[in-house]
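**Q** Here you go, this is my_file_38.cif (mmCIF, C-alpha atoms).
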data_input
#
loop_
_atom_site.label_atom_id
_atom_site.label_comp_id
_atom_site.auth_asym_id
_atom_site.auth_seq_id
_atom_site.Cartn_x
_atom_site.Cartn_y
_atom_site.Cartn_z
CA MET A 251 62.68 63.13 84.03
CA SER A 252 59.75 65.43 84.81
CA ARG A 253 57.88 67.18 82.11
CA GLY A 254 58.91 70.78 81.55
CA ARG A 255 62.48 70.15 82.73
CA ARG A 256 65.46 70.50 80.48
CA ARG A 257 67.13 67.31 79.31
CA GLY A 258 70.92 67.16 79.15
CA SER A 259 72.06 69.54 76.43
CA PRO A 260 75.12 71.61 75.59
CA ASP A 261 73.88 74.52 77.69
CA THR A 262 72.67 72.48 80.63
CA ARG A 263 76.00 72.71 82.43
CA ALA A 264 76.01 76.49 82.06
CA VAL A 265 72.41 76.79 83.24
CA VAL A 266 73.11 74.64 86.30
CA LEU A 267 76.27 76.60 87.12
CA ALA A 268 74.42 79.90 86.85
CA ALA A 269 71.68 78.63 89.14
CA ALA A 270 74.27 77.31 91.59
CA ARG A 271 76.09 80.66 91.66
CA GLU A 272 72.91 82.55 92.37
CA LEU A 273 71.83 80.28 95.20
CA PHE A 274 75.26 79.85 96.83
CA ALA A 275 75.77 83.62 96.78
CA GLY A 276 72.29 84.41 98.03
CA GLN A 277 71.70 81.65 100.56
CA GLY A 278 75.14 80.33 101.35
CA PHE A 279 76.59 76.87 100.95
CA ALA A 280 74.75 75.28 103.87
CA GLY A 281 71.45 76.89 102.87
CA THR A 282 71.57 75.62 99.30
CA THR A 283 70.55 72.13 98.21
CA ILE A 284 71.20 70.28 94.98
CA ARG A 285 67.42 69.97 94.75
CA ALA A 286 66.97 73.76 94.90
CA ILE A 287 69.65 74.30 92.27
CA ALA A 288 68.02 71.72 90.03
CA ALA A 289 64.65 73.42 90.47
CA ARG A 290 66.10 76.83 89.65
CA ALA A 291 67.79 75.37 86.56
CA GLU A 292 64.70 73.36 85.65
CA VAL A 293 66.57 70.08 85.45
CA ASP A 294 66.38 66.83 87.36
CA PRO A 295 68.54 66.67 90.51
CA ALA A 296 70.06 63.43 89.23
CA LEU A 297 71.34 65.31 86.21
CA VAL A 298 73.09 67.82 88.49
CA HIS A 299 74.80 64.97 90.31
CA HIS A 300 75.66 63.35 87.00
CA TYR A 301 77.35 66.49 85.67
CA PHE A 302 78.97 67.84 88.82
CA GLY A 303 79.20 65.13 91.46
CA SER A 304 78.70 66.23 95.05
CA LYS A 305 77.51 69.58 96.37
CA ASP A 306 81.14 70.34 97.32
CA ASP A 307 82.21 69.70 93.74
CA LEU A 308 79.41 71.86 92.38
CA PHE A 309 80.30 74.67 94.79
CA LEU A 310 83.90 74.72 93.59
CA ALA A 311 82.79 74.53 89.96
CA ALA A 312 80.41 77.45 90.54
CA LEU A 313 83.30 79.54 91.90
CA ALA A 314 85.04 79.02 88.55
CA LEU A 315 88.36 78.42 90.29
CA PRO A 316 91.20 77.78 87.84
CA VAL A 317 92.34 74.80 89.94
CA ASP A 318 90.64 72.39 92.32
CA PRO A 319 92.09 73.43 95.67
CA ARG A 320 91.56 69.96 97.10
CA GLN A 321 93.77 68.37 94.44
CA VAL A 322 96.39 71.10 94.65
CA LEU A 323 96.58 70.88 98.44
CA ALA A 324 96.75 67.09 98.64
CA PRO A 325 100.57 66.79 98.38
CA ALA A 326 101.02 69.44 101.09
CA LEU A 327 98.84 67.40 103.42
CA ALA A 328 100.66 64.13 102.91
CA GLY A 329 103.46 64.90 105.37
CA GLY A 330 101.24 65.51 108.39
CA SER A 331 101.24 68.57 110.61
CA ASP A 332 105.03 68.93 111.03
CA GLY A 333 106.11 71.60 108.58
CA ALA A 334 102.61 71.88 107.18
CA GLY A 335 102.63 75.67 107.56
CA GLU A 336 105.49 75.96 105.10
CA ARG A 337 104.08 73.37 102.69
CA LEU A 338 100.65 75.01 102.67
CA LEU A 339 102.17 78.44 102.14
CA ARG A 340 104.39 77.26 99.27
CA THR A 341 101.40 75.63 97.59
CA PHE A 342 99.26 78.71 98.13
CA VAL A 343 101.90 81.06 96.71
CA SER A 344 102.72 78.85 93.73
CA VAL A 345 99.06 78.74 92.69
CA TRP A 346 98.42 82.45 93.27
CA ASP A 347 101.66 83.54 91.59
CA ASP A 348 100.92 81.47 88.47
CA PRO A 349 100.11 83.98 85.72
CA ASP A 350 97.67 81.50 84.20
CA HIS A 351 95.60 81.51 87.40
CA GLN A 352 96.04 84.88 89.04
CA ALA A 353 93.37 86.91 87.26
CA ALA A 354 90.71 84.27 87.92
CA LEU A 355 91.74 83.96 91.57
CA ILE A 356 91.62 87.72 92.04
CA ALA A 357 88.11 87.75 90.55
CA VAL A 358 87.00 85.09 93.04
CA ALA A 359 88.64 86.98 95.91
CA ARG A 360 86.87 90.18 94.90
CA LEU A 361 83.58 88.31 94.82
CA ALA A 362 84.28 86.73 98.20
CA LEU A 363 84.90 90.19 99.71
CA ASP A 364 81.76 91.63 98.14
CA PRO A 365 79.34 92.52 100.94
CA GLN A 366 76.47 90.95 99.02
CA ALA A 367 78.07 87.53 98.58
CA GLY A 368 81.29 87.35 100.52
CA ASP A 369 80.33 86.13 103.95
CA ARG A 370 78.47 83.27 102.40
CA LEU A 371 81.14 82.17 99.94
CA LEU A 372 84.10 82.16 102.29
CA ARG A 373 82.55 81.49 105.67
CA ASP A 374 79.80 79.11 104.64
CA GLY A 375 81.50 77.65 101.57
CA PHE A 376 85.25 77.71 101.22
CA LEU A 377 85.91 77.20 104.92
CA PRO A 378 83.87 73.98 105.32
CA VAL A 379 84.52 72.63 101.82
CA VAL A 380 88.27 73.26 101.56
CA LEU A 381 89.87 74.48 104.77
CA GLN A 382 88.22 72.31 107.41
CA PRO A 383 89.13 69.12 105.50
CA VAL A 384 92.74 70.38 105.49
CA GLY A 385 92.63 70.56 109.28
CA ALA A 386 91.13 67.09 109.45
CA ALA A 387 93.69 65.63 107.03
CA LEU A 388 96.52 67.10 109.10
CA GLY A 389 95.07 65.56 112.25
CA LEU A 390 94.99 68.88 114.10
CA ASP A 391 93.52 69.21 117.54
CA ARG A 392 90.58 71.65 117.33
CA PRO A 393 90.68 72.27 113.57
CA GLU A 394 87.46 74.27 114.01
CA LEU A 395 89.51 76.91 115.87
CA ARG A 396 92.79 76.59 113.99
CA MET A 397 91.64 76.67 110.38
CA PRO A 398 89.79 80.00 110.75
CA LEU A 399 92.99 81.44 112.24
CA VAL A 400 94.89 80.17 109.20
CA MET A 401 92.21 81.64 106.98
CA SER A 402 92.58 85.04 108.63
CA GLN A 403 96.27 85.23 107.73
CA LEU A 404 95.83 83.88 104.20
CA VAL A 405 92.99 86.34 103.52
CA GLY A 406 95.21 89.15 104.78
CA LEU A 407 98.01 87.97 102.52
CA ILE A 408 95.68 87.80 99.51
CA VAL A 409 94.44 91.34 100.15
CA THR A 410 97.90 92.76 100.81
CA ARG A 411 99.91 91.00 98.10
CA TYR A 412 97.44 90.36 95.29
CA LEU A 413 94.55 92.82 95.60
CA LEU A 414 96.11 95.98 97.02
CA ARG A 415 99.69 95.13 95.95
CA VAL A 416 101.25 96.66 99.04
CA GLU A 417 105.04 96.76 98.84
CA PRO A 418 107.25 95.07 99.81
CA VAL A 419 104.80 92.18 100.31
CA ALA A 420 103.65 92.34 96.68
CA SER A 421 107.19 91.74 95.39
CA MET A 422 108.50 89.30 97.99
CA SER A 423 109.94 86.06 96.63
CA PRO A 424 108.49 82.72 97.72
CA GLU A 425 111.48 82.27 100.07
CA GLU A 426 110.83 85.66 101.66
CA LEU A 427 107.14 84.88 102.04
CA VAL A 428 107.97 81.55 103.65
CA ALA A 429 110.33 83.26 106.11
CA ALA A 430 107.70 85.84 107.06
CA TYR A 431 104.52 83.77 107.06
CA ALA A 432 105.20 80.03 107.38
CA PRO A 433 105.95 80.29 111.14
CA VAL A 434 102.65 82.15 111.59
CA LEU A 435 100.70 79.43 109.82
CA GLN A 436 102.56 76.69 111.69
CA ARG A 437 101.74 78.37 115.01
CA PHE A 438 98.07 78.55 114.08
CA LEU A 439 98.12 74.88 112.99
CA THR A 440 99.97 73.32 115.91
CA GLY A 441 101.13 75.99 118.37
CA ASP A 442 99.73 77.34 121.61
CA VAL A 443 96.89 79.70 120.73
CA ASP A 444 95.04 79.64 124.06
CA PRO A 445 94.93 82.33 126.72
CA PRO A 446 96.55 81.43 130.05
CA PRO A 447 94.12 79.90 132.56
CA VAL A 448 92.40 82.43 134.81
CA PRO A 449 93.59 81.99 138.43
CA ALA A 450 90.83 80.56 140.61
CA MET B 822 90.78 135.11 98.84
CA SER B 823 90.35 134.75 95.09
CA ARG B 824 87.20 135.81 93.39
CA GLY B 825 84.75 133.05 92.64
CA ARG B 826 85.94 130.94 95.55
CA ARG B 827 83.73 130.13 98.49
CA ARG B 828 84.40 131.94 101.74
CA GLY B 829 84.24 130.01 105.01
CA SER B 830 80.63 129.06 105.59
CA PRO B 831 78.70 126.36 107.39
CA ASP B 832 78.91 124.04 104.40
CA THR B 833 82.53 124.74 103.51
CA ARG B 834 83.80 121.90 105.67
CA ALA B 835 81.42 119.46 103.98
CA VAL B 836 82.38 120.70 100.52
CA VAL B 837 86.09 120.35 101.27
CA LEU B 838 85.61 116.86 102.74
CA ALA B 839 83.64 115.74 99.69
CA ALA B 840 86.36 117.07 97.37
CA ALA B 841 89.04 115.38 99.49
CA ARG B 842 87.23 112.05 99.42
CA GLU B 843 86.89 112.16 95.63
CA LEU B 844 90.54 112.98 95.06
CA PHE B 845 92.03 110.63 97.67
CA ALA B 846 89.92 107.78 96.31
CA GLY B 847 90.66 108.57 92.67
CA GLN B 848 94.30 109.57 92.81
CA GLY B 849 95.58 108.23 96.09
CA PHE B 850 97.06 110.00 99.06
CA ALA B 851 100.43 110.74 97.49
CA GLY B 852 98.85 111.93 94.24
CA THR B 853 96.53 114.41 95.92
CA THR B 854 97.54 117.90 97.03
CA ILE B 855 95.82 120.33 99.36
CA ARG B 856 95.91 122.74 96.42
CA ALA B 857 94.01 120.31 94.18
CA ILE B 858 91.43 119.68 96.88
CA ALA B 859 90.98 123.43 97.38
CA ALA B 860 90.54 123.90 93.64
CA ARG B 861 87.97 121.14 93.45
CA ALA B 862 86.11 122.65 96.41
CA GLU B 863 86.53 126.17 95.04
CA VAL B 864 88.08 127.52 98.22
CA ASP B 865 91.45 128.97 99.10
CA PRO B 866 94.12 126.39 100.10
CA ALA B 867 94.74 128.40 103.28
CA LEU B 868 91.14 127.80 104.28
CA VAL B 869 91.63 124.04 103.91
CA HIS B 870 94.66 124.20 106.19
CA HIS B 871 92.73 126.39 108.61
CA TYR B 872 89.85 123.93 108.86
CA PHE B 873 91.71 120.64 108.70
CA GLY B 874 95.39 121.14 109.48
CA SER B 875 97.83 118.97 107.53
CA LYS B 876 97.17 116.70 104.58
CA ASP B 877 97.43 113.72 106.97
CA ASP B 878 94.73 115.26 109.15
CA LEU B 879 92.50 115.94 106.17
CA PHE B 880 92.98 112.39 104.89
CA LEU B 881 91.83 110.93 108.20
CA ALA B 882 88.91 113.39 108.36
CA ALA B 883 87.90 112.41 104.83
CA LEU B 884 87.80 108.75 105.86
CA ALA B 885 85.21 109.71 108.48
CA LEU B 886 86.88 107.50 111.06
CA PRO B 887 85.08 107.55 114.40
CA VAL B 888 88.42 107.99 116.20
CA ASP B 889 91.79 109.45 115.26
CA PRO B 890 93.97 106.34 115.07
CA ARG B 891 97.08 108.36 115.89
CA GLN B 892 95.64 109.49 119.22
CA VAL B 893 94.22 106.08 120.04
CA LEU B 894 97.50 104.33 119.28
CA ALA B 895 99.74 106.74 121.18
CA PRO B 896 99.53 104.98 124.58
CA ALA B 897 100.33 101.62 122.95
CA LEU B 898 103.49 103.11 121.46
CA ALA B 899 104.79 104.61 124.69
CA GLY B 900 106.30 101.37 125.97
CA GLY B 901 108.57 100.74 123.01
CA SER B 902 108.77 97.58 120.94
CA ASP B 903 108.77 95.06 123.83
CA GLY B 904 105.22 93.79 124.13
CA ALA B 905 104.04 96.19 121.44
CA GLY B 906 102.29 93.38 119.55
CA GLU B 907 99.97 92.78 122.48
CA ARG B 908 99.40 96.48 123.19
CA LEU B 909 98.63 97.25 119.55
CA LEU B 910 96.25 94.30 119.33
CA ARG B 911 94.41 95.27 122.54
CA THR B 912 94.01 98.83 121.27
CA PHE B 913 92.87 97.63 117.86
CA VAL B 914 90.29 95.23 119.33
CA SER B 915 88.96 97.73 121.89
CA VAL B 916 88.29 100.29 119.15
CA TRP B 917 86.78 97.82 116.70
CA ASP B 918 84.67 96.09 119.36
CA ASP B 919 83.22 99.39 120.58
CA PRO B 920 79.57 99.41 119.46
CA ASP B 921 79.76 103.19 119.01
CA HIS B 922 82.51 102.79 116.40
CA GLN B 923 82.03 99.46 114.71
CA ALA B 924 79.52 100.38 112.00
CA ALA B 925 81.62 103.34 110.86
CA LEU B 926 84.80 101.25 110.86
CA ILE B 927 83.15 98.51 108.85
CA ALA B 928 82.02 101.12 106.31
CA VAL B 929 85.61 102.37 105.97
CA ALA B 930 86.90 98.81 105.64
CA ARG B 931 84.37 98.06 102.92
CA LEU B 932 85.45 101.19 101.09
CA ALA B 933 89.12 100.27 101.50
CA LEU B 934 88.45 96.84 99.95
CA ASP B 935 86.49 98.33 97.07
CA PRO B 936 88.46 97.71 93.87
CA GLN B 937 87.82 101.28 92.74
CA ALA B 938 89.24 102.97 95.83
CA GLY B 939 90.82 100.42 98.10
CA ASP B 940 94.39 100.13 96.94
CA ARG B 941 94.76 103.86 97.17
CA LEU B 942 93.20 104.31 100.58
CA LEU B 943 95.04 101.59 102.43
CA ARG B 944 98.30 101.29 100.52
CA ASP B 945 98.85 104.92 99.65
CA GLY B 946 97.01 106.45 102.59
CA PHE B 947 96.53 104.52 105.79
CA LEU B 948 99.89 102.75 105.58
CA PRO B 949 102.05 105.90 105.30
CA VAL B 950 99.83 108.14 107.45
CA VAL B 951 99.13 105.76 110.35
CA LEU B 952 101.09 102.52 110.22
CA GLN B 953 104.55 103.66 109.16
CA PRO B 954 104.66 106.27 111.97
CA VAL B 955 103.83 103.43 114.38
CA GLY B 956 106.90 101.57 113.16
CA ALA B 957 109.01 104.70 113.53
CA ALA B 958 107.67 105.45 117.01
CA LEU B 959 108.49 101.90 118.11
CA GLY B 960 112.02 102.25 116.78
CA LEU B 961 111.76 99.13 114.61
CA ASP B 962 114.52 98.08 112.30
CA ARG B 963 113.13 98.10 108.76
CA PRO B 964 109.62 99.42 109.54
CA GLU B 965 109.01 99.61 105.77
CA LEU B 966 109.06 95.77 105.74
CA ARG B 967 107.53 95.09 109.14
CA MET B 968 104.51 97.38 109.11
CA PRO B 969 103.08 95.93 105.88
CA LEU B 970 103.42 92.47 107.47
CA VAL B 971 101.50 93.76 110.50
CA MET B 972 98.94 95.27 108.17
CA SER B 973 98.45 91.94 106.40
CA GLN B 974 97.44 90.22 109.65
CA LEU B 975 95.25 93.07 110.87
CA VAL B 976 93.45 93.24 107.51
CA GLY B 977 92.88 89.50 107.69
CA LEU B 978 91.52 89.85 111.22
CA ILE B 979 89.19 92.68 110.15
CA VAL B 980 87.84 90.62 107.26
CA THR B 981 87.49 87.43 109.30
CA ARG B 982 86.09 88.83 112.57
CA TYR B 983 84.19 91.96 111.57
CA LEU B 984 83.22 91.69 107.90
CA LEU B 985 82.63 87.99 107.32
CA ARG B 986 82.05 87.14 111.01
CA VAL B 987 83.73 83.76 110.72
CA GLU B 988 83.38 81.72 113.90
CA PRO B 989 85.03 81.19 116.31
CA VAL B 990 87.12 84.29 115.49
CA ALA B 991 84.04 86.55 115.44
CA SER B 992 83.14 85.62 119.02
CA MET B 993 86.59 85.33 120.58
CA SER B 994 87.19 87.44 123.70
CA PRO B 995 89.98 90.02 123.78
CA GLU B 996 92.07 87.56 125.85
CA GLU B 997 91.57 84.83 123.26
CA LEU B 998 92.46 87.19 120.43
CA VAL B 999 95.60 88.27 122.28
CA ALA B 1000 96.62 84.64 122.77
CA ALA B 1001 96.11 83.86 119.09
CA TYR B 1002 97.37 87.00 117.40
CA ALA B 1003 99.65 89.05 119.68
CA PRO B 1004 102.63 86.70 119.15
CA VAL B 1005 102.12 86.99 115.39
CA LEU B 1006 102.19 90.78 115.53
CA GLN B 1007 105.18 90.76 117.87
CA ARG B 1008 107.06 88.48 115.49
CA PHE B 1009 106.33 90.80 112.58
CA LEU B 1010 107.43 93.82 114.67
CA THR B 1011 110.65 92.50 116.16
CA GLY B 1012 111.21 88.85 115.20
CA ASP B 1013 113.23 87.14 112.49
CA VAL B 1014 111.31 87.49 109.25
CA ASP B 1015 114.20 86.95 106.82
CA PRO B 1016 114.97 83.88 104.73
CA PRO B 1017 118.17 82.03 105.58
CA PRO B 1018 121.19 83.22 103.61
CA VAL B 1019 121.77 81.37 100.35
CA PRO B 1020 124.99 79.30 100.52
CA ALA B 1021 127.69 80.79 98.28
#
Can I see the file as structure tokens?
**A**
Amino acid sequence: MSRGRRRGSPDTRAVVLAAARELFAGQGFAGTTIRAIAARAEVDPALVHHYFGSKDDLFLAALALPVDPRQVLAPALAGGSDGAGERLLRTFVSVWDDPDHQAALIAVARLALDPQAGDRLLRDGFLPVVLQPVGAALGLDRPELRMPLVMSQLVGLIVTRYLLRVEPVASMSPEELVAAYAPVLQRFLTGDVDPPPVPA
Amino acid sequence: MSRGRRRGSPDTRAVVLAAARELFAGQGFAGTTIRAIAARAEVDPALVHHYFGSKDDLFLAALALPVDPRQVLAPALAGGSDGAGERLLRTFVSVWDDPDHQAALIAVARLALDPQAGDRLLRDGFLPVVLQPVGAALGLDRPELRMPLVMSQLVGLIVTRYLLRVEPVASMSPEELVAAYAPVLQRFLTGDVDPPPVPA
């Protein structure tokens, strides 16, 4: 380990996380390297890998999410694209409705909609790290088109139900949310979302 | 006019608008009266009506929208609920894509998503003043359920396309947006959005 760099210590994790948050928010996921985070935290890059694993893992840890969305989503992906809209929505709602998680998720959502950090965190972070792998796992055609469409409806649902608490959406039961939104998500995942061909 | 209150003057409009913005943001649309705005601005309530018309009109003026959404939406409402999803979406996109309007609209959207003001402006203001009358004009059954669903998708589209500029949504043509989103809006306006009945 280089001279002048911190060795592993009780506060090393916190220092690395703080450095990661600053760089991900300021430069985006793609523009941030483990090496740059290690330099900012004054630790060896190997130590960052040792504590946090991959850059994806570190990104999710830096967001301070109460759950790892990749683990939570895994069961919903197991059944393939048929019915995936409903399974994804049920998973999404069960996590967001959980009183143990909601305050932390709202804090992340507020941060993601902050003009100073938001475009980077969602567009350059959450989309490639969490949502695009969902599209790949479901075997979608053109996940690079379909997952941003899914994101647009889920972001709208987060804002409407959890941030602004617009009724009746804020009080709808999971079954009511599934009836309203699962067909929308399923259409974005597997339906026809292309304009008709222009006549020659 | 009462003593100590401002008479109509070149800056009266600006003073009234500033007072309206403060009160709408702090207390919401429903919780704000013309009388309270007049008191804050130190003018006669009749002068506020004279300059700005109804409370709805004053609310929209206070938002500093580059267009009056009620006027812009009127042609889209003329044809009734058939095809209204596509007409509303085309109107929405044409206004938001207009380079003369976009910066001002983004500023309003940022304000509406601000935790200090946002729930009031959208939920207690824009929804009853603009969106619920759309539902009534289209003759929807249960507009109080359907228009918040429409709002949830439009808010998600605003965040994804205009605030975060997530590709490919940010660069999609109006025809591509119509193909992706008009069926969603139409379903929220007139489709089946109810859960199946629970067996007795």
**Q** Please tabulate, as a tab-separated table, the residues of chain B that come within 9 Å of chain A, each with its closest pair of atoms and the distance in Å to one decimal, counting only C-alpha atoms and ordering rows by chain, then residue number upward.
**A**
residue	atom	partner	partner_atom	distance
B:Arg931	CA	A:Pro365	CA	7.7
B:Leu934	CA	A:Leu363	CA	7.5
B:Asp935	CA	A:Asp364	CA	8.3
B:Pro936	CA	A:Arg360	CA	7.8
B:Gly939	CA	A:Leu414	CA	7.0
B:Asp940	CA	A:Leu414	CA	4.5
B:Arg941	CA	A:Leu414	CA	8.0
B:Leu943	CA	A:Leu414	CA	7.9
B:Arg944	CA	A:Val416	CA	5.7
B:Asp945	CA	A:Val416	CA	8.6
B:Glu965	CA	A:Pro418	CA	7.7
B:Leu966	CA	A:Pro418	CA	6.2
B:Pro969	CA	A:Val419	CA	6.9
B:Leu970	CA	A:Val419	CA	7.3
B:Met972	CA	A:Thr410	CA	7.8
B:Ser973	CA	A:Gly406	CA	4.6
B:Gln974	CA	A:Gly406	CA	5.5
B:Leu975	CA	A:Gly406	CA	7.2
B:Val976	CA	A:Gly406	CA	5.2
B:Gly977	CA	A:Gly406	CA	3.7
B:Leu978	CA	A:Ser402	CA	5.6
B:Ile979	CA	A:Ser402	CA	8.5
B:Val980	CA	A:Ser402	CA	7.4
B:Thr981	CA	A:Ser402	CA	5.7
B:Arg982	CA	A:Ser402	CA	8.5
B:Leu984	CA	A:Asp369	CA	7.4
B:Leu985	CA	A:Asp369	CA	4.5
B:Arg986	CA	A:Asp369	CA	7.3
B:Val987	CA	A:Arg373	CA	5.7
B:Glu988	CA	A:Pro398	CA	7.3
B:Pro989	CA	A:Leu395	CA	6.2
B:Val990	CA	A:Pro398	CA	6.9
B:Glu996	CA	A:Pro445	CA	6.0
B:Glu997	CA	A:Pro445	CA	5.4
B:Leu998	CA	A:Pro445	CA	8.3
B:Val999	CA	A:Pro445	CA	7.4
B:Ala1000	CA	A:Pro445	CA	4.9
B:Ala1001	CA	A:Val443	CA	4.5
B:Tyr1002	CA	A:Val443	CA	8.0
B:Pro1004	CA	A:Val434	CA	8.8
B:Val1005	CA	A:Val434	CA	6.2
B:Arg1008	CA	A:Val434	CA	8.6
B:Phe1009	CA	A:Ala430	CA	7.5
B:Asp1013	CA	A:Ala430	CA	7.9
B:Val1014	CA	A:Ala430	CA	4.5
B:Asp1015	CA	A:Ala429	CA	5.4
B:Pro1016	CA	A:Ala429	CA	4.9
B:Pro1017	CA	A:Ala429	CA	8.0
**Q** For C-alpha atoms, I'd like the residues from the last selection saved as a compact mmCIF listing (two decimals), keeping the file's coordinate frame.
**A**
# COMPACT_ATOMS: atom_id res chain seq x y z
CA ARG B 931 84.37 98.06 102.92
CA LEU B 934 88.45 96.84 99.95
CA ASP B 935 86.49 98.33 97.07
CA PRO B 936 88.46 97.71 93.87
CA GLY B 939 90.82 100.42 98.10
CA ASP B 940 94.39 100.13 96.94
CA ARG B 941 94.76 103.86 97.17
CA LEU B 943 95.04 101.59 102.43
CA ARG B 944 98.30 101.29 100.52
CA ASP B 945 98.85 104.92 99.65
CA GLU B 965 109.01 99.61 105.77
CA LEU B 966 109.06 95.77 105.74
CA PRO B 969 103.08 95.93 105.88
CA LEU B 970 103.42 92.47 107.47
CA MET B 972 98.94 95.27 108.17
CA SER B 973 98.45 91.94 106.40
CA GLN B 974 97.44 90.22 109.65
CA LEU B 975 95.25 93.07 110.87
CA VAL B 976 93.45 93.24 107.51
CA GLY B 977 92.88 89.50 107.69
CA LEU B 978 91.52 89.85 111.22
CA ILE B 979 89.19 92.68 110.15
CA VAL B 980 87.84 90.62 107.26
CA THR B 981 87.49 87.43 109.30
CA ARG B 982 86.09 88.83 112.57
CA LEU B 984 83.22 91.69 107.90
CA LEU B 985 82.63 87.99 107.32
CA ARG B 986 82.05 87.14 111.01
CA VAL B 987 83.73 83.76 110.72
CA GLU B 988 83.38 81.72 113.90
CA PRO B 989 85.03 81.19 116.31
CA VAL B 990 87.12 84.29 115.49
CA GLU B 996 92.07 87.56 125.85
CA GLU B 997 91.57 84.83 123.26
CA LEU B 998 92.46 87.19 120.43
CA VAL B 999 95.60 88.27 122.28
CA ALA B 1000 96.62 84.64 122.77
CA ALA B 1001 96.11 83.86 119.09
CA TYR B 1002 97.37 87.00 117.40
CA PRO B 1004 102.63 86.70 119.15
CA VAL B 1005 102.12 86.99 115.39
CA ARG B 1008 107.06 88.48 115.49
CA PHE B 1009 106.33 90.80 112.58
CA ASP B 1013 113.23 87.14 112.49
CA VAL B 1014 111.31 87.49 109.25
CA ASP B 1015 114.20 86.95 106.82
CA PRO B 1016 114.97 83.88 104.73
CA PRO B 1017 118.17 82.03 105.58
**Q** How many Å separate atom CA of Leu959 of chain B from atom CA of Arg891 of chain B?
**A**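 Those two atoms sit 13.3 Å apart.
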**Q** Between atom CA of Phe845 of chain B and atom CA of Val869 of chain B, what is the distance, to one decimal in Å?
**A**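 Atom-to-atom, atom CA of Phe845 of chain B and atom CA of Val869 of chain B are spaced 14.8 Å apart.
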**Q** From the options A:Val266, A:Leu308, A:Val345, A:Leu297, which residue's atoms come nearest to Gln321 of chain A, counting all atoms listed in the file?
**A**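 Nearest to Gln321 of chain A: A:Val345.
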**Q** How would you write, as a list in words, the residues chosen by the PyMOL selection byres ((chain A and resi 384) around 9) on this structure?
**A** Arg320, Leu323, Ala324, Leu327, Val380, Leu381, Gln382, Pro383, Gly385, Ala386, Ala387, Leu388, Gly389, Pro393 and Met397 of chain A
**Q** Which residues are near Asp332 of chain A? Cut-off 10 Å, all atoms listed in the file, ignore same chain within fewer than 4 positions. Put them as JSON, numbers by chain.
**A** {"A": [327, 336, 337, 388, 436, 439, 440]}
**Q** For a test of reading the model, state the distance in Å between atom CA of Val322 of chain A and atom CA of Phe342 of chain A, rounded to one decimal.
**A** 8.8 Å
**Q** Evaluated on this file, the PyMOL selection byres ((chain B and resi 926) around 10) picks out some residues - which ones are they, written as a PyMOL selection string?
**A** chain B and resi 884-888+916-918+921-925+927-932+979+983
**Q** Kindly extract all protein, DNA and RNA residues lying within 10 Å of the coordinates (68.5, 73.2, 89.1) given in the file, considering only C-alpha atoms, and supply them as a list in words.
**A**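 Those within range, by chain then number, are Arg255, Arg256, Thr262, Val265, Val266, Leu267, Ala268, Ala269, Ala270, Leu273, Thr283, Ile284, Arg285, Ala286, Ile287, Ala288, Ala289, Arg290, Ala291, Glu292, Val293, Asp294, Pro295, Ala296, Leu297 and Val298 of chain A.
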**Q** Counting all atoms listed in the file, which of B:Ala897, B:Pro920, B:Lys876, B:Ser915 gets nearest to Gly852 of chain B?
**A**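 Comparing B:Ala897, B:Pro920, B:Lys876, B:Ser915 against Gly852 of chain B, the winner is B:Lys876.
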**Q** If you take every atom of segment 373-391 of chain A that the file lists and fit an axis-aligned box around them with 5 Å extra on each side, what centre and edge lengths come out in Å to one decimal, as AutoDock Vina command-line options?
**A**
--center_x 88.2 --center_y 73.5 --center_z 109.4 --size_x 26.7 --size_y 25.9 --size_z 26.3
